[in-house]
file protein-v9.tsv (TSV, C-alpha atoms and all ligand atoms)
chain	number	residue	atom	x	y	z
I	1	MET	CA	8.37	-18.69	-26.60
I	2	ALA	CA	7.94	-16.40	-29.60
I	3	ILE	CA	10.45	-13.58	-29.88
I	4	ILE	CA	8.88	-10.34	-28.75
I	5	ASN	CA	10.02	-7.06	-30.21
I	6	PHE	CA	10.38	-4.96	-27.07
I	7	GLU	CA	11.70	-2.07	-29.18
I	8	ASP	CA	8.16	-1.47	-30.37
I	9	GLN	CA	6.33	0.32	-27.59
I	10	THR	CA	2.86	-0.85	-28.55
I	11	THR	CA	3.98	-4.47	-28.70
I	12	LEU	CA	5.70	-4.07	-25.36
I	13	TYR	CA	2.69	-2.42	-23.71
I	14	ASN	CA	0.35	-5.10	-25.01
I	15	PHE	CA	2.64	-7.90	-23.88
I	16	VAL	CA	3.24	-6.54	-20.38
I	17	VAL	CA	-0.02	-4.80	-19.52
I	18	LYS	CA	-2.84	-5.92	-21.79
I	19	GLN	CA	-1.92	-9.59	-22.12
I	20	GLY	CA	-0.89	-9.73	-18.48
I	21	ASN	CA	2.62	-11.08	-18.84
I	22	GLY	CA	3.65	-8.40	-16.41
I	23	VAL	CA	7.10	-6.99	-15.79
I	24	LYS	CA	8.00	-10.48	-14.61
I	25	GLY	CA	7.03	-12.01	-17.96
I	26	MET	CA	9.12	-9.42	-19.76
I	27	ILE	CA	12.17	-10.15	-17.60
I	28	ASP	CA	11.64	-13.91	-17.86
I	29	SER	CA	11.75	-13.67	-21.64
I	30	GLY	CA	15.43	-12.80	-21.33
I	31	LEU	CA	15.39	-9.03	-21.44
I	32	SER	CA	18.66	-7.53	-20.23
I	33	SER	CA	18.04	-3.78	-20.37
I	34	VAL	CA	15.19	-1.49	-19.31
I	35	PRO	CA	12.83	-0.61	-22.18
I	36	GLN	CA	11.99	3.05	-22.71
I	37	PRO	CA	8.41	2.99	-21.32
I	38	PHE	CA	9.85	2.06	-17.90
I	39	VAL	CA	12.53	4.76	-17.84
I	40	GLN	CA	11.52	7.39	-15.32
I	41	PRO	CA	12.11	11.11	-15.79
I	42	ILE	CA	15.19	12.12	-13.80
I	43	SER	CA	13.06	13.92	-11.19
I	44	GLU	CA	11.37	10.66	-10.21
I	45	ARG	CA	14.45	8.42	-10.05
I	46	ILE	CA	15.65	7.27	-6.66
I	47	PRO	CA	19.31	7.76	-5.77
I	48	THR	CA	20.71	4.81	-3.84
I	49	GLN	CA	23.95	6.39	-2.77
I	50	ASN	CA	23.96	8.08	0.62
I	51	ALA	CA	20.44	6.84	1.24
I	52	LEU	CA	19.19	7.61	4.72
I	53	THR	CA	17.69	5.00	6.99
I	54	CYS	CA	14.79	6.04	9.16
I	55	GLU	CA	16.07	6.58	12.67
I	56	ALA	CA	12.64	6.45	14.20
I	57	SER	CA	12.29	2.94	12.88
I	58	GLN	CA	12.78	1.06	16.13
I	59	PRO	CA	9.67	-1.14	16.18
I	60	ILE	CA	6.99	-0.44	18.76
I	61	ASP	CA	6.25	-3.48	20.96
I	62	LEU	CA	2.48	-3.83	20.95
I	63	SER	CA	2.45	-6.54	23.62
I	64	ASN	CA	2.92	-3.68	26.09
I	65	LEU	CA	-0.48	-2.25	25.15
I	66	ASN	CA	-2.08	-4.72	27.55
I	67	GLY	CA	-0.28	-3.80	30.70
I	68	PRO	CA	1.17	-1.05	32.85
I	69	HIS	CA	3.03	0.49	29.89
I	70	HIS	CA	-0.11	1.10	27.83
I	71	LYS	CA	0.21	4.88	28.01
I	72	GLU	CA	3.82	4.95	26.85
I	73	VAL	CA	3.09	2.69	23.89
I	74	ALA	CA	0.02	4.71	22.94
I	75	LYS	CA	2.17	7.84	23.08
I	76	GLN	CA	4.75	6.29	20.74
I	77	ILE	CA	2.03	5.47	18.24
I	78	VAL	CA	0.50	8.94	18.43
I	79	GLU	CA	3.88	10.62	18.02
I	80	ALA	CA	4.72	8.53	14.98
I	81	ALA	CA	1.32	9.26	13.44
I	82	GLU	CA	1.77	12.99	14.01
I	83	THR	CA	5.27	13.22	12.57
I	84	LEU	CA	6.46	10.62	10.08
I	85	GLY	CA	3.13	8.89	9.51
I	86	PHE	CA	5.03	5.59	9.46
I	87	PHE	CA	6.13	3.15	12.16
I	88	GLN	CA	6.91	-0.52	12.62
I	89	VAL	CA	5.39	-2.87	15.16
I	90	VAL	CA	6.28	-6.23	16.70
I	91	ASN	CA	4.09	-8.52	18.79
I	92	HIS	CA	1.27	-7.44	16.51
I	93	GLY	CA	-0.82	-10.59	16.77
I	94	VAL	CA	0.27	-12.09	13.44
I	95	SER	CA	2.57	-15.09	13.85
I	96	VAL	CA	6.01	-14.92	12.32
I	97	GLU	CA	5.33	-18.30	10.65
I	98	LEU	CA	2.34	-16.77	8.87
I	99	LEU	CA	4.49	-13.85	7.72
I	100	GLU	CA	6.95	-16.33	6.20
I	101	LEU	CA	4.13	-18.24	4.49
I	102	LEU	CA	2.78	-15.00	3.04
I	103	LYS	CA	6.08	-14.20	1.37
I	104	THR	CA	6.32	-17.73	0.00
I	105	SER	CA	2.80	-17.69	-1.37
I	106	ALA	CA	3.35	-14.27	-2.97
I	107	HIS	CA	6.33	-15.78	-4.80
I	108	GLU	CA	4.18	-18.79	-5.69
I	109	PHE	CA	1.43	-16.66	-7.16
I	110	PHE	CA	3.80	-14.71	-9.40
I	111	ALA	CA	5.80	-17.80	-10.34
I	112	GLN	CA	2.75	-19.17	-12.13
I	113	ALA	CA	2.58	-19.13	-15.92
I	114	PRO	CA	1.40	-15.76	-17.31
I	115	GLU	CA	-1.89	-17.36	-18.48
I	116	GLU	CA	-2.69	-18.38	-14.90
I	117	LYS	CA	-2.32	-14.82	-13.67
I	118	ALA	CA	-3.86	-13.12	-16.69
I	119	ILE	CA	-7.27	-14.62	-15.92
I	120	TYR	CA	-7.44	-12.01	-13.14
I	121	LEU	CA	-6.83	-9.01	-15.41
I	122	LYS	CA	-9.52	-6.45	-14.64
I	123	GLU	CA	-11.35	-6.80	-17.95
I	124	VAL	CA	-11.76	-10.57	-17.66
I	125	SER	CA	-11.46	-11.48	-13.98
I	126	PRO	CA	-14.01	-14.12	-12.95
I	127	SER	CA	-14.50	-12.19	-9.70
I	128	LYS	CA	-14.83	-8.46	-9.16
I	129	LEU	CA	-12.94	-9.01	-5.89
I	130	VAL	CA	-9.69	-9.99	-7.59
I	131	LYS	CA	-7.55	-7.89	-9.87
I	132	TYR	CA	-4.10	-8.60	-11.27
I	133	GLY	CA	-2.04	-6.08	-13.13
I	134	THR	CA	1.11	-4.08	-13.67
I	135	SER	CA	1.89	-0.56	-12.41
I	136	PHE	CA	-0.81	1.77	-10.98
I	137	VAL	CA	-2.59	3.35	-13.94
I	138	PRO	CA	-0.29	2.34	-16.81
I	139	ASP	CA	-2.49	3.93	-19.48
I	140	LYS	CA	-2.03	7.35	-17.89
I	141	GLU	CA	1.51	7.25	-16.54
I	142	LYS	CA	4.51	8.95	-18.13
I	143	ALA	CA	6.59	5.90	-17.24
I	144	ILE	CA	5.32	2.50	-16.11
I	145	GLU	CA	6.12	1.36	-12.58
I	146	TRP	CA	8.31	-1.76	-12.26
I	147	LYS	CA	5.70	-3.75	-10.37
I	148	ASP	CA	3.15	-6.53	-10.84
I	149	TYR	CA	0.42	-7.00	-8.26
I	150	VAL	CA	-2.66	-8.94	-7.35
I	151	SER	CA	-5.32	-7.27	-5.30
I	152	MET	CA	-7.92	-9.15	-3.22
I	153	MET	CA	-10.96	-7.36	-1.86
I	154	TYR	CA	-12.54	-8.78	1.30
I	155	THR	CA	-16.30	-9.15	1.58
I	156	SER	CA	-16.67	-12.33	3.63
I	157	ASP	CA	-14.54	-15.35	4.57
I	158	HIS	CA	-16.67	-17.50	2.34
I	159	GLU	CA	-16.23	-15.30	-0.74
I	160	ALA	CA	-12.51	-14.87	-0.07
I	161	LEU	CA	-11.97	-18.63	0.08
I	162	GLN	CA	-14.06	-19.08	-3.03
I	163	HIS	CA	-12.70	-16.29	-5.25
I	164	TRP	CA	-9.22	-15.24	-4.15
I	165	PRO	CA	-6.43	-16.95	-6.14
I	166	GLN	CA	-5.68	-20.45	-4.96
I	167	PRO	CA	-1.98	-20.05	-4.06
I	168	CYS	CA	-2.64	-17.22	-1.61
I	169	ARG	CA	-6.26	-17.26	-0.48
I	170	GLU	CA	-5.82	-19.02	2.84
I	171	VAL	CA	-2.76	-17.20	4.06
I	172	ALA	CA	-3.95	-13.80	2.83
I	173	LEU	CA	-7.26	-14.26	4.64
I	174	LYS	CA	-5.51	-15.37	7.82
I	175	PHE	CA	-3.22	-12.35	7.60
I	176	MET	CA	-6.14	-9.99	7.25
I	177	LYS	CA	-8.10	-11.53	10.06
I	178	SER	CA	-5.23	-11.84	12.51
I	179	SER	CA	-4.16	-8.23	12.01
I	180	MET	CA	-7.60	-6.59	12.20
I	181	GLU	CA	-7.77	-6.38	15.98
I	182	MET	CA	-4.40	-4.66	16.03
I	183	VAL	CA	-5.54	-2.23	13.32
I	184	LYS	CA	-8.66	-1.35	15.30
I	185	ASN	CA	-6.60	-0.90	18.48
I	186	VAL	CA	-4.28	1.51	16.72
I	187	VAL	CA	-7.18	3.49	15.23
I	188	ASN	CA	-8.85	3.65	18.65
I	189	ILE	CA	-5.66	4.95	20.25
I	190	LEU	CA	-5.40	7.65	17.59
I	191	MET	CA	-9.06	8.59	18.03
I	192	GLU	CA	-8.90	8.66	21.83
I	193	ASN	CA	-5.93	10.98	21.59
I	194	VAL	CA	-8.08	13.57	19.80
I	195	GLY	CA	-10.95	13.06	22.21
I	196	VAL	CA	-13.11	10.99	19.91
I	197	LYS	CA	-14.87	7.76	20.78
I	198	LEU	CA	-16.21	6.18	17.60
I	199	GLU	CA	-19.51	4.31	17.78
I	200	GLU	CA	-19.17	0.75	16.58
I	201	GLU	CA	-21.30	1.41	13.53
I	202	ARG	CA	-19.21	4.42	12.47
I	203	MET	CA	-15.99	2.48	13.09
I	204	ASN	CA	-17.26	-0.34	10.89
I	205	GLY	CA	-18.23	2.17	8.21
I	206	LEU	CA	-14.79	3.79	8.29
I	207	MET	CA	-13.02	0.43	8.14
I	208	GLY	CA	-15.49	-1.33	5.87
I	209	THR	CA	-13.28	-1.67	2.81
I	210	LYS	CA	-10.52	-4.20	3.36
I	211	MET	CA	-8.08	-5.30	0.72
I	212	VAL	CA	-5.00	-7.50	0.72
I	213	ASN	CA	-2.49	-6.93	-2.08
I	214	MET	CA	0.55	-8.88	-3.10
I	215	ASN	CA	3.19	-6.80	-4.84
I	216	TYR	CA	5.99	-8.25	-6.90
I	217	TYR	CA	8.98	-6.13	-7.88
I	218	PRO	CA	11.09	-8.18	-10.29
I	219	THR	CA	14.86	-7.89	-10.32
I	220	CYS	CA	15.69	-4.92	-12.50
I	221	PRO	CA	18.75	-4.74	-14.78
I	222	SER	CA	19.10	-0.95	-14.26
I	223	PRO	CA	17.41	-0.03	-10.97
I	224	GLU	CA	18.65	3.56	-11.19
I	225	LEU	CA	16.31	4.18	-14.17
I	226	THR	CA	13.08	2.75	-12.75
I	227	ILE	CA	10.81	2.92	-9.74
I	228	GLY	CA	8.82	0.14	-8.05
I	229	VAL	CA	6.07	2.48	-6.90
I	230	GLY	CA	6.03	6.20	-7.49
I	231	ARG	CA	5.58	8.87	-4.81
I	232	HIS	CA	2.14	8.51	-3.27
I	233	SER	CA	0.18	8.36	-0.07
I	234	ASP	CA	-2.36	5.61	0.65
I	235	MET	CA	-5.99	6.70	0.48
I	236	GLY	CA	-7.52	4.80	3.38
I	237	MET	CA	-7.32	4.78	7.16
I	238	LEU	CA	-4.29	2.61	7.95
I	239	THR	CA	-2.08	0.39	5.84
I	240	VAL	CA	-0.34	-2.62	7.39
I	241	LEU	CA	2.54	-3.84	5.27
I	242	LEU	CA	4.70	-6.92	5.31
I	243	GLN	CA	7.94	-6.43	3.42
I	244	ASP	CA	10.65	-8.99	2.81
I	245	GLY	CA	14.36	-8.60	3.55
I	246	ILE	CA	15.32	-6.83	0.34
I	247	GLY	CA	14.28	-3.34	1.37
I	248	GLY	CA	13.60	-0.29	-0.75
I	249	LEU	CA	10.59	1.36	0.89
I	250	TYR	CA	11.23	5.08	1.36
I	251	VAL	CA	9.26	7.69	3.23
I	252	LYS	CA	9.51	11.44	2.78
I	253	LEU	CA	10.69	13.40	5.80
I	254	ASP	CA	9.54	16.88	6.80
I	255	ASN	CA	12.72	18.38	5.40
I	256	GLY	CA	12.03	16.89	1.97
I	257	GLU	CA	14.64	14.13	2.23
I	258	TRP	CA	13.76	10.47	1.81
I	259	ALA	CA	14.61	7.76	4.34
I	260	GLU	CA	14.32	4.01	4.07
I	261	ILE	CA	12.06	1.99	6.34
I	262	PRO	CA	14.51	-0.85	6.95
I	263	PRO	CA	13.28	-4.44	6.84
I	264	VAL	CA	12.97	-5.88	10.36
I	265	HIS	CA	12.36	-9.61	10.59
I	266	GLY	CA	8.99	-10.36	12.15
I	267	ALA	CA	7.86	-6.72	12.13
I	268	LEU	CA	4.98	-5.10	10.26
I	269	VAL	CA	5.06	-1.58	8.85
I	270	ILE	CA	2.08	0.65	9.56
I	271	ASN	CA	1.31	3.91	7.82
I	272	ILE	CA	-1.39	6.53	8.05
I	273	GLY	CA	-3.62	7.01	5.02
I	274	ASP	CA	-5.31	10.12	3.59
I	275	THR	CA	-8.63	9.33	5.31
I	276	LEU	CA	-7.07	9.52	8.77
I	277	GLN	CA	-5.36	12.76	7.84
I	278	ILE	CA	-8.74	14.17	6.77
I	279	LEU	CA	-10.64	12.87	9.83
I	280	SER	CA	-8.00	14.28	12.17
I	281	ASN	CA	-8.07	17.63	10.35
I	282	GLY	CA	-4.41	17.24	9.44
I	283	LYS	CA	-3.08	16.16	12.84
I	284	TYR	CA	-2.09	12.70	11.62
I	285	LYS	CA	0.15	12.59	8.58
I	286	SER	CA	-0.56	10.41	5.62
I	287	ALA	CA	3.05	9.93	4.62
I	288	GLU	CA	4.35	10.22	1.10
I	289	HIS	CA	6.26	7.08	0.20
I	290	ARG	CA	7.77	5.21	-2.75
I	291	VAL	CA	9.63	2.02	-3.56
I	292	ARG	CA	12.90	1.62	-5.41
I	293	THR	CA	13.85	-1.36	-7.54
I	294	THR	CA	16.97	-3.46	-7.20
I	295	ASN	CA	19.12	-5.90	-9.11
I	296	ILE	CA	19.81	-8.17	-6.14
I	297	GLY	CA	16.56	-10.11	-6.32
I	298	SER	CA	12.80	-9.94	-6.73
I	299	ARG	CA	11.06	-8.26	-3.83
I	300	VAL	CA	7.59	-9.05	-2.52
I	301	SER	CA	5.42	-7.05	-0.16
I	302	VAL	CA	1.95	-7.69	1.19
I	303	PRO	CA	-0.06	-4.64	2.24
I	304	ILE	CA	-3.49	-4.71	3.87
I	305	PHE	CA	-5.45	-1.56	3.16
I	306	THR	CA	-8.37	-0.55	5.35
I	307	ALA	CA	-10.57	2.23	4.07
I	308	PRO	CA	-14.15	3.48	4.50
I	309	ASN	CA	-17.13	1.99	2.74
I	310	PRO	CA	-17.75	3.82	-0.54
I	311	SER	CA	-21.04	5.16	0.87
I	312	GLU	CA	-19.36	6.60	3.99
I	313	LYS	CA	-19.11	10.36	4.41
I	314	ILE	CA	-15.66	11.51	5.44
I	315	GLY	CA	-14.55	14.89	6.72
I	316	PRO	CA	-12.77	16.36	9.73
I	317	LEU	CA	-14.30	15.04	12.97
I	318	PRO	CA	-16.47	17.69	14.69
I	319	GLU	CA	-14.59	17.38	17.99
I	320	VAL	CA	-11.31	18.17	16.25
I	321	VAL	CA	-12.71	21.02	14.16
I	322	LYS	CA	-14.15	22.58	17.29
I	323	ARG	CA	-10.76	22.56	18.96
I	324	ASP	CA	-8.86	23.72	15.86
I	325	GLY	CA	-11.39	26.41	15.05
I	326	VAL	CA	-11.18	25.59	11.35
I	327	ALA	CA	-12.01	22.66	9.06
I	328	ARG	CA	-9.08	22.07	6.72
I	329	TYR	CA	-10.95	19.53	4.60
I	330	LYS	CA	-14.45	19.37	3.28
I	331	GLU	CA	-16.93	16.61	3.81
I	332	LEU	CA	-17.25	14.19	0.92
I	333	LEU	CA	-18.42	10.77	-0.07
I	334	PHE	CA	-15.59	8.25	0.13
I	335	GLN	CA	-16.62	6.86	-3.27
I	336	ASP	CA	-15.78	10.25	-4.82
I	337	TYR	CA	-12.42	10.39	-3.07
I	338	MET	CA	-11.64	6.88	-4.31
I	339	ASN	CA	-12.62	7.63	-7.91
I	340	ASN	CA	-10.32	10.63	-7.92
I	341	PHE	CA	-7.50	8.62	-6.32
I	342	PHE	CA	-7.61	5.80	-8.86
I	343	GLY	CA	-8.24	8.19	-11.73
I	344	GLN	CA	-4.73	9.60	-11.95
I	345	PRO	CA	-1.10	8.56	-11.75
I	346	HIS	CA	0.78	8.65	-8.46
I	347	ASP	CA	1.80	12.22	-7.68
I	348	GLY	CA	2.82	12.48	-4.07
I	349	LYS	CA	0.18	13.93	-1.79
I	350	LYS	CA	-1.74	15.61	-4.57
I	351	SER	CA	-4.59	13.16	-3.90
I	352	LEU	CA	-5.42	15.13	-0.75
I	353	ASP	CA	-6.08	18.33	-2.70
I	354	PHE	CA	-9.38	16.79	-3.73
I	355	ALA	CA	-10.58	17.05	-0.14
I	356	ARG	CA	-9.04	20.37	0.81
I	357	ALA	CA	-11.44	23.01	2.06
I	358	GLU	CA	-11.68	25.97	-0.32
H	401	LIG	C1	1.56	0.34	-1.66
H	401	LIG	C2	2.93	0.57	-1.18
H	401	LIG	C3	5.03	-0.36	-0.49
H	401	LIG	C4	5.86	-1.58	-0.64
H	401	LIG	O1	1.29	-0.79	-2.14
H	401	LIG	O2	0.74	1.27	-1.55
H	401	LIG	O3	3.25	1.68	-0.84
H	401	LIG	O4	6.85	-1.67	0.07
H	401	LIG	N1	3.77	-0.48	-1.11
H	401	LIG	O5	5.54	-2.42	-1.47
H	402	NI	NI	1.53	2.86	-0.44

call {"tool": "encode", "arguments": {"input": "protein-v9.tsv", "output": "structure tokens"}}
result
Amino acid sequence: MAIINFEDQTTLYNFVVKQGNGVKGMIDSGLSSVPQPFVQPISERIPTQNALTCEASQPIDLSNLNGPHHKEVAKQIVEAAETLGFFQVVNHGVSVELLELLKTSAHEFFAQAPEEKAIYLKEVSPSKLVKYGTSFVPDKEKAIEWKDYVSMMYTSDHEALQHWPQPCREVALKFMKSSMEMVKNVVNILMENVGVKLEEERMNGLMGTKMVNMNYYPTCPSPELTIGVGRHSDMGMLTVLLQDGIGGLYVKLDNGEWAEIPPVHGALVINIGDTLQILSNGKYKSAEHRVRTTNIGSRVSVPIFTAPNPSEKIGPLPEVVKRDGVARYKELLFQDYMNNFFGQPHDGKKSLDFARAE
């Protein structure tokens, strides 16, 4: 491989971002320190000493939803959605074997030669459903996130199997399909709790955008200087996330402290997105979260995002506004919310300001 001058920031940016070698390609070329464009301002760095672990992280057993304990389980879900905005679940309908295969195929995708991955860079991708890249909006960020990803939009089984990248298409599709019933159950529980019964058509509109991502956080020589993902909330309804055993996902608590969502074998992490916070008029919390990097190994995670169709109108549900006596968010087209969300770097829950009622 040609020697790359990582001291030169333009060369570095082109190599990592534009040519699609990714953070992984940079590390694989033998780099042993963190280049300047990845060094975070001190305010964004993540201390690892004295890190808290989320106490409320005992996974919720969803098998009890179909039985005499339904009410208790529903209550656990509602409470988590109203407070932390994050919880873990087991017996979620996705087999543990599939979860293992997902992690393996994520590693397989990123282990490919840079040229194999770079065909999916946004500017050249053969399919508008598939996008590979590094960081969130690297051209606008003060410091680049230490993360490569591939993102797969779902339209139909047929298109997924045709267009999604070969090493992960089958497992990613299975993951999406086998978790969807659980996602709908959770959304229904949250809706019922605020006295709302969604018509099937509206439910489909609110959950119409489905995307599976595979995130790759390469081993980092100086994890204290970088972040995997900066502070953000997710924009959609619910996110279901598979993480591996390395850990490093942090959620912000009410008191401003950060606590880790510890890896639990066989469990899935669920978090509330901005859309559910808006629909519920603020009752459900779209949690601010972030990911730290590590030098113990490369971490993979596989989130499934569900969000409204771009043409869907979102705003606080009338039943909830009536009870609250005030609408805390305005009604808007989801497309507009999305454009704003992807138009700027991660900045905590600032994304929600776009929807706040004047
Ligand atoms: C995300 C995200 C967390 C993780 O992709 O939005 O928050 O653990 N990922 O990778
Ligand atoms: Ni997220």

call {"tool": "closest_residue", "arguments": {"input": "protein-v9.tsv", "among": "I:Ser179, I:Gln166, I:Ser301, I:Thr239", "to": "ligand LIG 401 (chain H)", "atoms": "only C-alpha atoms and all ligand atoms"}}
result
I:Ser301

call {"tool": "residues_around", "arguments": {"input": "protein-v9.tsv", "residues": "Gly208 of chain I", "least_positions_apart": "6", "cutoff": "8 Å", "atoms": "all atoms listed in the file", "output": "PyMOL selection string"}}
result
chain I and resi 306-309

call {"tool": "closest_atom_pairs", "arguments": {"input": "protein-v9.tsv", "of": "chain I", "to": "ligand LIG 401 (chain H)", "cutoff": "8 Å", "atoms": "all atoms listed in the file", "output": "JSON lines"}}
result
{"residue": "I:Asn213", "atom": "CA", "partner": "H:LIG401", "partner_atom": "O1", "distance": 7.2}
{"residue": "I:Asn215", "atom": "CA", "partner": "H:LIG401", "partner_atom": "O5", "distance": 6.0}
{"residue": "I:Tyr216", "atom": "CA", "partner": "H:LIG401", "partner_atom": "O5", "distance": 8.0}
{"residue": "I:Gly228", "atom": "CA", "partner": "H:LIG401", "partner_atom": "O5", "distance": 7.8}
{"residue": "I:Val229", "atom": "CA", "partner": "H:LIG401", "partner_atom": "O3", "distance": 6.7}
{"residue": "I:His232", "atom": "CA", "partner": "H:LIG401", "partner_atom": "O3", "distance": 7.3}
{"residue": "I:Ser233", "atom": "CA", "partner": "H:LIG401", "partner_atom": "O2", "distance": 7.3}
{"residue": "I:Asp234", "atom": "CA", "partner": "H:LIG401", "partner_atom": "O2", "distance": 5.8}
{"residue": "I:Thr239", "atom": "CA", "partner": "H:LIG401", "partner_atom": "O2", "distance": 8.0}
{"residue": "I:Leu241", "atom": "CA", "partner": "H:LIG401", "partner_atom": "O4", "distance": 7.1}
{"residue": "I:Leu242", "atom": "CA", "partner": "H:LIG401", "partner_atom": "O4", "distance": 7.7}
{"residue": "I:Gln243", "atom": "CA", "partner": "H:LIG401", "partner_atom": "O4", "distance": 5.9}
{"residue": "I:Gly247", "atom": "CA", "partner": "H:LIG401", "partner_atom": "O4", "distance": 7.7}
{"residue": "I:Gly248", "atom": "CA", "partner": "H:LIG401", "partner_atom": "O4", "distance": 6.9}
{"residue": "I:Leu249", "atom": "CA", "partner": "H:LIG401", "partner_atom": "O4", "distance": 4.9}
{"residue": "I:His289", "atom": "CA", "partner": "H:LIG401", "partner_atom": "O3", "distance": 6.3}
{"residue": "I:Arg290", "atom": "CA", "partner": "H:LIG401", "partner_atom": "O3", "distance": 6.0}
{"residue": "I:Val291", "atom": "CA", "partner": "H:LIG401", "partner_atom": "O4", "distance": 5.9}
{"residue": "I:Val300", "atom": "CA", "partner": "H:LIG401", "partner_atom": "O5", "distance": 7.0}
{"residue": "I:Ser301", "atom": "CA", "partner": "H:LIG401", "partner_atom": "O5", "distance": 4.8}
{"residue": "I:Val302", "atom": "CA", "partner": "H:LIG401", "partner_atom": "O5", "distance": 6.9}
{"residue": "I:Pro303", "atom": "CA", "partner": "H:LIG401", "partner_atom": "O1", "distance": 6.0}

call {"tool": "write_last_selection", "arguments": {"input": "protein-v9.tsv", "atoms": "C-alpha atoms", "output": "short mmCIF file (atom, residue, chain, number, x, y, z; two decimals), keeping the file's coordinate frame"}}
result
data_model
loop_
_atom_site.label_atom_id
_atom_site.label_comp_id
_atom_site.auth_asym_id
_atom_site.auth_seq_id
_atom_site.Cartn_x
_atom_site.Cartn_y
_atom_site.Cartn_z
CA ASN I 213 -2.49 -6.93 -2.08
CA ASN I 215 3.19 -6.80 -4.84
CA TYR I 216 5.99 -8.25 -6.90
CA GLY I 228 8.82 0.14 -8.05
CA VAL I 229 6.07 2.48 -6.90
CA HIS I 232 2.14 8.51 -3.27
CA SER I 233 0.18 8.36 -0.07
CA ASP I 234 -2.36 5.61 0.65
CA THR I 239 -2.08 0.39 5.84
CA LEU I 241 2.54 -3.84 5.27
CA LEU I 242 4.70 -6.92 5.31
CA GLN I 243 7.94 -6.43 3.42
CA GLY I 247 14.28 -3.34 1.37
CA GLY I 248 13.60 -0.29 -0.75
CA LEU I 249 10.59 1.36 0.89
CA HIS I 289 6.26 7.08 0.20
CA ARG I 290 7.77 5.21 -2.75
CA VAL I 291 9.63 2.02 -3.56
CA VAL I 300 7.59 -9.05 -2.52
CA SER I 301 5.42 -7.05 -0.16
CA VAL I 302 1.95 -7.69 1.19
CA PRO I 303 -0.06 -4.64 2.24
#

call {"tool": "atom_distance", "arguments": {"input": "protein-v9.tsv", "atom1": "atom CA of Ser151 of chain I", "atom2": "atom CA of Lys131 of chain I"}}
result
5.1 Å

call {"tool": "closest_residue", "arguments": {"input": "protein-v9.tsv", "among": "I:His92, I:Arg231, I:Lys350, I:Arg328", "to": "ligand NI 402 (chain H)", "atoms": "all atoms listed in the file"}}
result
I:Arg231

call {"tool": "closest_residue", "arguments": {"input": "protein-v9.tsv", "among": "I:Pro114, I:Gly245, I:Pro165, I:Gly85", "to": "ligand NI 402 (chain H)", "atoms": "all atoms listed in the file"}}
result
I:Gly85

call {"tool": "closest_residue", "arguments": {"input": "protein-v9.tsv", "among": "I:Tyr154, I:Trp146, I:Tyr329, I:Phe334", "to": "Asp353 of chain I", "atoms": "only C-alpha atoms"}}
result
I:Tyr329

call {"tool": "atom_distance", "arguments": {"input": "protein-v9.tsv", "atom1": "atom CA of Val150 of chain I", "atom2": "atom CA of Val39 of chain I"}}
result
23.0 Å

call {"tool": "closest_atom_pairs", "arguments": {"input": "protein-v9.tsv", "of": "segment 135-252 of chain I", "to": "segment 321-326 of chain I", "cutoff": "12 Å", "atoms": "all atoms listed in the file", "output": "JSON lines"}}
result
{"residue": "I:Val194", "atom": "CA", "partner": "I:Arg323", "partner_atom": "CA", "distance": 9.4}
{"residue": "I:Gly195", "atom": "CA", "partner": "I:Arg323", "partner_atom": "CA", "distance": 10.0}
{"residue": "I:Val196", "atom": "CA", "partner": "I:Val321", "partner_atom": "CA", "distance": 11.6}

call {"tool": "atom_distance", "arguments": {"input": "protein-v9.tsv", "atom1": "atom CA of Glu159 of chain I", "atom2": "atom CA of Pro126 of chain I"}}
result
12.5 Å

call {"tool": "residues_around", "arguments": {"input": "protein-v9.tsv", "residues": "segment 310-312 of chain I", "least_positions_apart": "2", "cutoff": "9 Å", "atoms": "all atoms listed in the file", "output": "ChimeraX atom specification"}}
result
/I:202,205-206,208-209,307-308,314,332-338

call {"tool": "closest_atom_pairs", "arguments": {"input": "protein-v9.tsv", "of": "segment 161-258 of chain I", "to": "segment 10-28 of chain I", "cutoff": "10 Å", "atoms": "all atoms listed in the file", "output": "Markdown table"}}
result
| residue | atom | partner | partner_atom | distance |
| --- | --- | --- | --- | --- |
| I:Tyr216 | CA | I:Lys24 | CA | 8.3 |
| I:Tyr217 | CA | I:Lys24 | CA | 8.1 |
| I:Pro218 | CA | I:Lys24 | CA | 5.8 |
| I:Thr219 | CA | I:Ile27 | CA | 8.1 |
| I:Cys220 | CA | I:Ile27 | CA | 8.1 |
| I:Pro221 | CA | I:Ile27 | CA | 9.0 |

call {"tool": "write_last_selection", "arguments": {"input": "protein-v9.tsv", "atoms": "C-alpha atoms", "output": "PDB file, in the frame of the given file"}}
result
ATOM      1  CA  TYR I 216       5.990  -8.250  -6.900  1.00  0.00           C
ATOM      2  CA  TYR I 217       8.980  -6.130  -7.880  1.00  0.00           C
ATOM      3  CA  PRO I 218      11.090  -8.180 -10.290  1.00  0.00           C
ATOM      4  CA  THR I 219      14.860  -7.890 -10.320  1.00  0.00           C
ATOM      5  CA  CYS I 220      15.690  -4.920 -12.500  1.00  0.00           C
ATOM      6  CA  PRO I 221      18.750  -4.740 -14.780  1.00  0.00           C
TER       7      PRO I 221
END

call {"tool": "closest_residue", "arguments": {"input": "protein-v9.tsv", "among": "I:Arg356, I:His346, I:Lys313, I:Lys330", "to": "ligand NI 402 (chain H)", "atoms": "only C-alpha atoms and all ligand atoms"}}
result
I:His346

call {"tool": "closest_residue", "arguments": {"input": "protein-v9.tsv", "among": "I:Ile189, I:Ile272, I:Ile278, I:Ala80", "to": "ligand NI 402 (chain H)", "atoms": "all atoms listed in the file"}}
result
I:Ile272
